[in-house]
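Data block below; observations after.
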Amino acid sequence: MSAVMSITEDNNSEEIQMFRDMVLRFLEQEVVPHYDSWEKNHKMPREMWNTMGSAGLLLVDFPEKYGAAAASFDVCQMIQEEMCRLNLHALATGYNIHANIVAPYLLHIGNQEQQDRWLPAMVTGEVLTALAMTEPGAGSDLANIRTKAIKDGDDYILNGSKTFITNGNEANMIIVCAKTDINAGSKGISLFLVDTSLPGFSTGKPIEKIGQHSSDTGELFFENMRIPADALLGEEGKGFVYLMQELPRERLGCAVQAIGHAQGALDLTCEYVKERKAFGQSVSQFQNTRFKLAQCQTDLELCRALLEKHMLKYQRDEMTVTDAAMLKLAATEMQVSLINECLQLFGGYGYTDEYPISRFYRDARIQTIYAGTSEIMKEVIARGILGR
């Protein structure tokens, strides 16, 4: 395997290297030996989140007052990068939702009481979280969600359903996107911190998928679920604004995963073609192989450079919605294309589960779909450069 190439510019920083060594030890000892069985069983043990919390890997870039490590933003992204490089994409997807998406909503929008209630337990893994936007009839078109939260005295009554929700079946708290004003379009959307132990919440069967089999992906149902008024996250009617505010970090996380995953697949393929013999020589000696891998490496490095640029912009609070869309589009399309090329170099063996490249291939496919499809990313970019 090639030397690790960090997504961060300062890849030799003492902090990054210290955490990287710790992360790799943890993953190789606690995850890799069991991961194949989790994938076959289509389920990751809930206790894994507690184990990650005990190891200090959850919400690492959050303040110490919540029990977190107060590490840099780069460290949080590096953890996802390493998970994906080691072909643990299902784990990275759940991690991204919990530590890189839901937690910032609380930190940026939640009040002190909400932060004190949820963040310490999220750091330890006692509380696992999810974000529920997508519905059976509303994916990219968030303005047309049908889940409703109607005010009733000091409470809200929540009714509706969500689908394709990562961590949905196991989550203890879910940020739910719901209409508080059904006639106001996107201006009628609000966000709620929903405690899943309350009556009225239920889940369907875990959704079986092409890839990322051990990632918990669920259907959620809210039936006359009474939630307290203090579950409202931020202001009523500002939900869509908050979603647009936080989506760039989610899409940046997808790009981080794409870089790590593509690197892992490329490393694996380089090893294979040097060992595999055909027509009396290593497959790596054929010009076709060499040219394809050269192009893969070039495409990967171009996306890595784009990611580094936008990671810096994000930390300076300069990253725009258009920036995030370009980054996700470029990185995830590269990921899917690169891994497809890598699988081809394995020949028939690439189509079997005997070699890990098949899991790389399956797990990558969703990346151009969730957190905004590639088509939606292009529309966002077009609006950014042309106006509406």
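In the structure tokens, chains take letters A, B, ... by order of appearance, with residues numbered from 1 within each chain and ligands from 1 in the order shown.
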Backbone DSSP call of strand (DSSP E) for stretch 75-255 of chain A, listed as a PyMOL selection string: chain A and resi 129-132+148-152+155-166+173-179+189-195+201-203+217-228+232-233
I'd like the contact shell of A:Gly264 - 10 Å cut-off, only C-alpha atoms, skipping same-chain residues fewer than 3 positions apart - returned as an mmCIF file with N, CA and C atoms, in the first residue's frame.
```cif
data_model
loop_
_atom_site.group_PDB
_atom_site.id
_atom_site.type_symbol
_atom_site.label_atom_id
_atom_site.label_comp_id
_atom_site.auth_asym_id
_atom_site.auth_seq_id
_atom_site.Cartn_x
_atom_site.Cartn_y
_atom_site.Cartn_z
ATOM 1 N N MET A 1 0.841 -1.192 0.000
ATOM 2 C CA MET A 1 0.000 0.000 0.000
ATOM 3 C C MET A 1 0.874 1.239 0.000
ATOM 4 N N SER A 2 0.446 2.252 -0.750
ATOM 5 C CA SER A 2 1.240 3.473 -0.823
ATOM 6 C C SER A 2 1.189 4.221 0.484
ATOM 7 N N VAL A 4 0.368 7.004 3.116
ATOM 8 C CA VAL A 4 -0.856 7.767 3.318
ATOM 9 C C VAL A 4 -0.644 9.191 2.826
ATOM 10 N N GLU A 81 -11.559 10.029 6.234
ATOM 11 C CA GLU A 81 -10.645 9.665 5.148
ATOM 12 C C GLU A 81 -10.052 8.282 5.391
ATOM 13 N N GLU A 82 -9.586 8.039 6.615
ATOM 14 C CA GLU A 82 -8.950 6.759 6.924
ATOM 15 C C GLU A 82 -9.957 5.616 6.920
ATOM 16 N N MET A 83 -11.158 5.859 7.415
ATOM 17 C CA MET A 83 -12.191 4.823 7.365
ATOM 18 C C MET A 83 -12.432 4.382 5.928
ATOM 19 N N CYS A 84 -12.545 5.341 5.036
ATOM 20 C CA CYS A 84 -12.830 5.011 3.640
ATOM 21 C C CYS A 84 -11.623 4.399 2.942
ATOM 22 N N ARG A 85 -10.434 4.878 3.248
ATOM 23 C CA ARG A 85 -9.224 4.301 2.646
ATOM 24 C C ARG A 85 -9.096 2.828 3.003
ATOM 25 N N LEU A 86 -9.548 2.464 4.208
ATOM 26 C CA LEU A 86 -9.493 1.070 4.655
ATOM 27 C C LEU A 86 -10.721 0.268 4.223
ATOM 28 N N ASN A 87 -11.535 0.850 3.342
ATOM 29 C CA ASN A 87 -12.705 0.159 2.790
ATOM 30 C C ASN A 87 -13.787 -0.074 3.845
ATOM 31 N N ALA A 258 -14.792 10.476 -0.513
ATOM 32 C CA ALA A 258 -14.458 10.112 -1.894
ATOM 33 C C ALA A 258 -12.950 10.026 -2.098
ATOM 34 N N ILE A 259 -12.221 10.994 -1.549
ATOM 35 C CA ILE A 259 -10.760 11.002 -1.692
ATOM 36 C C ILE A 259 -10.144 9.790 -1.006
ATOM 37 N N GLY A 260 -10.554 9.533 0.238
ATOM 38 C CA GLY A 260 -10.010 8.392 0.965
ATOM 39 C C GLY A 260 -10.341 7.072 0.304
ATOM 40 N N HIS A 261 -11.582 6.936 -0.144
ATOM 41 C CA HIS A 261 -12.044 5.694 -0.762
ATOM 42 C C HIS A 261 -11.322 5.442 -2.088
ATOM 43 N N ASP A 267 -4.668 2.089 -4.285
ATOM 44 C CA ASP A 267 -3.586 1.352 -3.617
ATOM 45 C C ASP A 267 -3.749 -0.152 -3.825
ATOM 46 N N LEU A 268 -4.968 -0.633 -3.611
ATOM 47 C CA LEU A 268 -5.253 -2.059 -3.751
ATOM 48 C C LEU A 268 -4.988 -2.527 -5.179
ATOM 49 N N THR A 269 -5.394 -1.733 -6.136
ATOM 50 C CA THR A 269 -5.240 -2.099 -7.544
ATOM 51 C C THR A 269 -3.775 -2.116 -7.962
ATOM 52 N N ILE A 339 -12.908 4.010 -9.336
ATOM 53 C CA ILE A 339 -13.071 2.651 -8.815
ATOM 54 C C ILE A 339 -13.585 1.717 -9.901
ATOM 55 N N ILE A 357 -12.015 -5.211 -3.912
ATOM 56 C CA ILE A 357 -12.377 -4.167 -4.874
ATOM 57 C C ILE A 357 -13.877 -4.167 -5.149
ATOM 58 N N PHE A 360 -15.426 -1.943 -2.602
ATOM 59 C CA PHE A 360 -15.138 -0.556 -2.972
ATOM 60 C C PHE A 360 -16.145 -0.080 -4.023
#
```
I'd like the contact shell of A:Glu219 - 9 Å cut-off, only C-alpha atoms, skipping same-chain residues fewer than 5 positions apart - returned as a ChimeraX atom specification. /A:135,161-165,168-169,202-207
Taking N, CA and C atoms for each residue, export the selection above as a tab-separated table (two decimals), in the first residue's frame.
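Now in part_32.tsv:
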```
chain	number	residue	atom	x	y	z
A	135	GLU	N	-38.15	12.13	2.29
A	135	GLU	CA	-39.43	11.44	2.44
A	135	GLU	C	-39.71	10.60	1.20
A	161	SER	N	-43.62	10.71	7.73
A	161	SER	CA	-42.65	9.61	7.58
A	161	SER	C	-41.41	10.11	6.83
A	162	LYS	N	-40.32	9.42	7.05
A	162	LYS	CA	-39.05	9.71	6.39
A	162	LYS	C	-38.45	8.40	5.88
A	163	THR	N	-37.60	8.50	4.88
A	163	THR	CA	-36.97	7.30	4.34
A	163	THR	C	-35.51	7.56	3.98
A	164	PHE	N	-34.76	6.46	3.82
A	164	PHE	CA	-33.32	6.50	3.52
A	164	PHE	C	-32.54	7.26	4.59
A	165	ILE	N	-32.89	7.05	5.85
A	165	ILE	CA	-32.26	7.80	6.94
A	165	ILE	C	-31.11	7.00	7.55
A	168	GLY	N	-30.93	5.67	11.20
A	168	GLY	CA	-32.33	5.87	11.58
A	168	GLY	C	-32.90	4.85	12.55
A	169	ASN	N	-32.55	3.58	12.40
A	169	ASN	CA	-33.12	2.55	13.27
A	169	ASN	C	-32.52	2.55	14.66
A	202	SER	N	-41.75	5.19	15.45
A	202	SER	CA	-41.47	3.80	15.10
A	202	SER	C	-40.62	3.76	13.83
A	203	THR	N	-40.05	2.60	13.58
A	203	THR	CA	-39.22	2.41	12.39
A	203	THR	C	-39.72	1.21	11.61
A	204	GLY	N	-39.45	1.20	10.31
A	204	GLY	CA	-39.76	0.05	9.48
A	204	GLY	C	-38.59	-0.91	9.44
A	205	LYS	N	-38.63	-1.83	8.49
A	205	LYS	CA	-37.52	-2.75	8.31
A	205	LYS	C	-36.31	-1.98	7.78
A	206	PRO	N	-35.10	-2.36	8.22
A	206	PRO	CA	-33.91	-1.74	7.63
A	206	PRO	C	-33.91	-1.89	6.11
A	207	ILE	N	-33.54	-0.86	5.41
A	207	ILE	CA	-33.56	-0.87	3.95
A	207	ILE	C	-32.32	-1.60	3.43
```
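Atom pair atom CA of A:His310 / atom CA of A:Leu329: separated by 13.2 Å.
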Counting only C-alpha atoms, which residues of stretch 213-328 of chain A sit at most 9 Å from some atom of stretch 361-368 of chain A, and what is each one's closest atom pair with its distance in Å to one decimal, listed by chain and rising residue number, as a tab-separated table?
```
residue	atom	partner	partner_atom	distance
A:His213	CA	A:Asp363	CA	8.3
A:Cys254	CA	A:Gln367	CA	7.0
A:Ala255	CA	A:Gln367	CA	8.8
A:Gln257	CA	A:Gln367	CA	8.8
A:Ala258	CA	A:Gln367	CA	7.7
A:His261	CA	A:Ala364	CA	7.8
A:Ala262	CA	A:Ala364	CA	8.8
A:Ala265	CA	A:Tyr361	CA	8.7
A:Lys328	CA	A:Thr368	CA	8.1
```
Write out as JSON lines a residue-level contact list of stretch 118-199 of chain A versus stretch 221-227 of chain A with cut-off 10 Å: for each qualifying residue the closest pair of atoms and the distance in Å to one decimal, counting only C-alpha atoms, rows sorted by chain and residue number upward.
```
{"residue": "A:Thr147", "atom": "CA", "partner": "A:Phe222", "partner_atom": "CA", "distance": 8.4}
{"residue": "A:Lys148", "atom": "CA", "partner": "A:Phe222", "partner_atom": "CA", "distance": 9.4}
{"residue": "A:Ala149", "atom": "CA", "partner": "A:Ile227", "partner_atom": "CA", "distance": 9.0}
{"residue": "A:Ile150", "atom": "CA", "partner": "A:Arg226", "partner_atom": "CA", "distance": 9.6}
{"residue": "A:Lys151", "atom": "CA", "partner": "A:Ile227", "partner_atom": "CA", "distance": 9.7}
{"residue": "A:Asp152", "atom": "CA", "partner": "A:Arg226", "partner_atom": "CA", "distance": 8.8}
{"residue": "A:Asp154", "atom": "CA", "partner": "A:Ile227", "partner_atom": "CA", "distance": 9.0}
{"residue": "A:Asp155", "atom": "CA", "partner": "A:Ile227", "partner_atom": "CA", "distance": 5.6}
{"residue": "A:Tyr156", "atom": "CA", "partner": "A:Ile227", "partner_atom": "CA", "distance": 5.3}
{"residue": "A:Ile157", "atom": "CA", "partner": "A:Arg226", "partner_atom": "CA", "distance": 4.7}
{"residue": "A:Leu158", "atom": "CA", "partner": "A:Met225", "partner_atom": "CA", "distance": 4.9}
{"residue": "A:Asn159", "atom": "CA", "partner": "A:Phe222", "partner_atom": "CA", "distance": 4.8}
{"residue": "A:Gly160", "atom": "CA", "partner": "A:Phe222", "partner_atom": "CA", "distance": 5.2}
{"residue": "A:Ser161", "atom": "CA", "partner": "A:Phe221", "partner_atom": "CA", "distance": 4.5}
{"residue": "A:Lys162", "atom": "CA", "partner": "A:Phe221", "partner_atom": "CA", "distance": 6.6}
{"residue": "A:Thr163", "atom": "CA", "partner": "A:Phe221", "partner_atom": "CA", "distance": 8.9}
{"residue": "A:Phe192", "atom": "CA", "partner": "A:Ile227", "partner_atom": "CA", "distance": 8.7}
{"residue": "A:Leu193", "atom": "CA", "partner": "A:Ile227", "partner_atom": "CA", "distance": 8.9}
{"residue": "A:Val194", "atom": "CA", "partner": "A:Ile227", "partner_atom": "CA", "distance": 7.1}
{"residue": "A:Asp195", "atom": "CA", "partner": "A:Ile227", "partner_atom": "CA", "distance": 8.1}
{"residue": "A:Thr196", "atom": "CA", "partner": "A:Phe222", "partner_atom": "CA", "distance": 9.7}
{"residue": "A:Leu198", "atom": "CA", "partner": "A:Met225", "partner_atom": "CA", "distance": 7.4}
{"residue": "A:Pro199", "atom": "CA", "partner": "A:Met225", "partner_atom": "CA", "distance": 6.2}
```
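Remark: for A:Gly185, the closest of the candidate residues A:Glu271, A:Glu379, A:Asp141, A:Asp61 is A:Asp141 (distances computed over only C-alpha atoms).
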All residues 8 Å or closer to A:Asn41, only C-alpha atoms, same chain fewer than 3 positions away omitted, as a count of residues only: 3
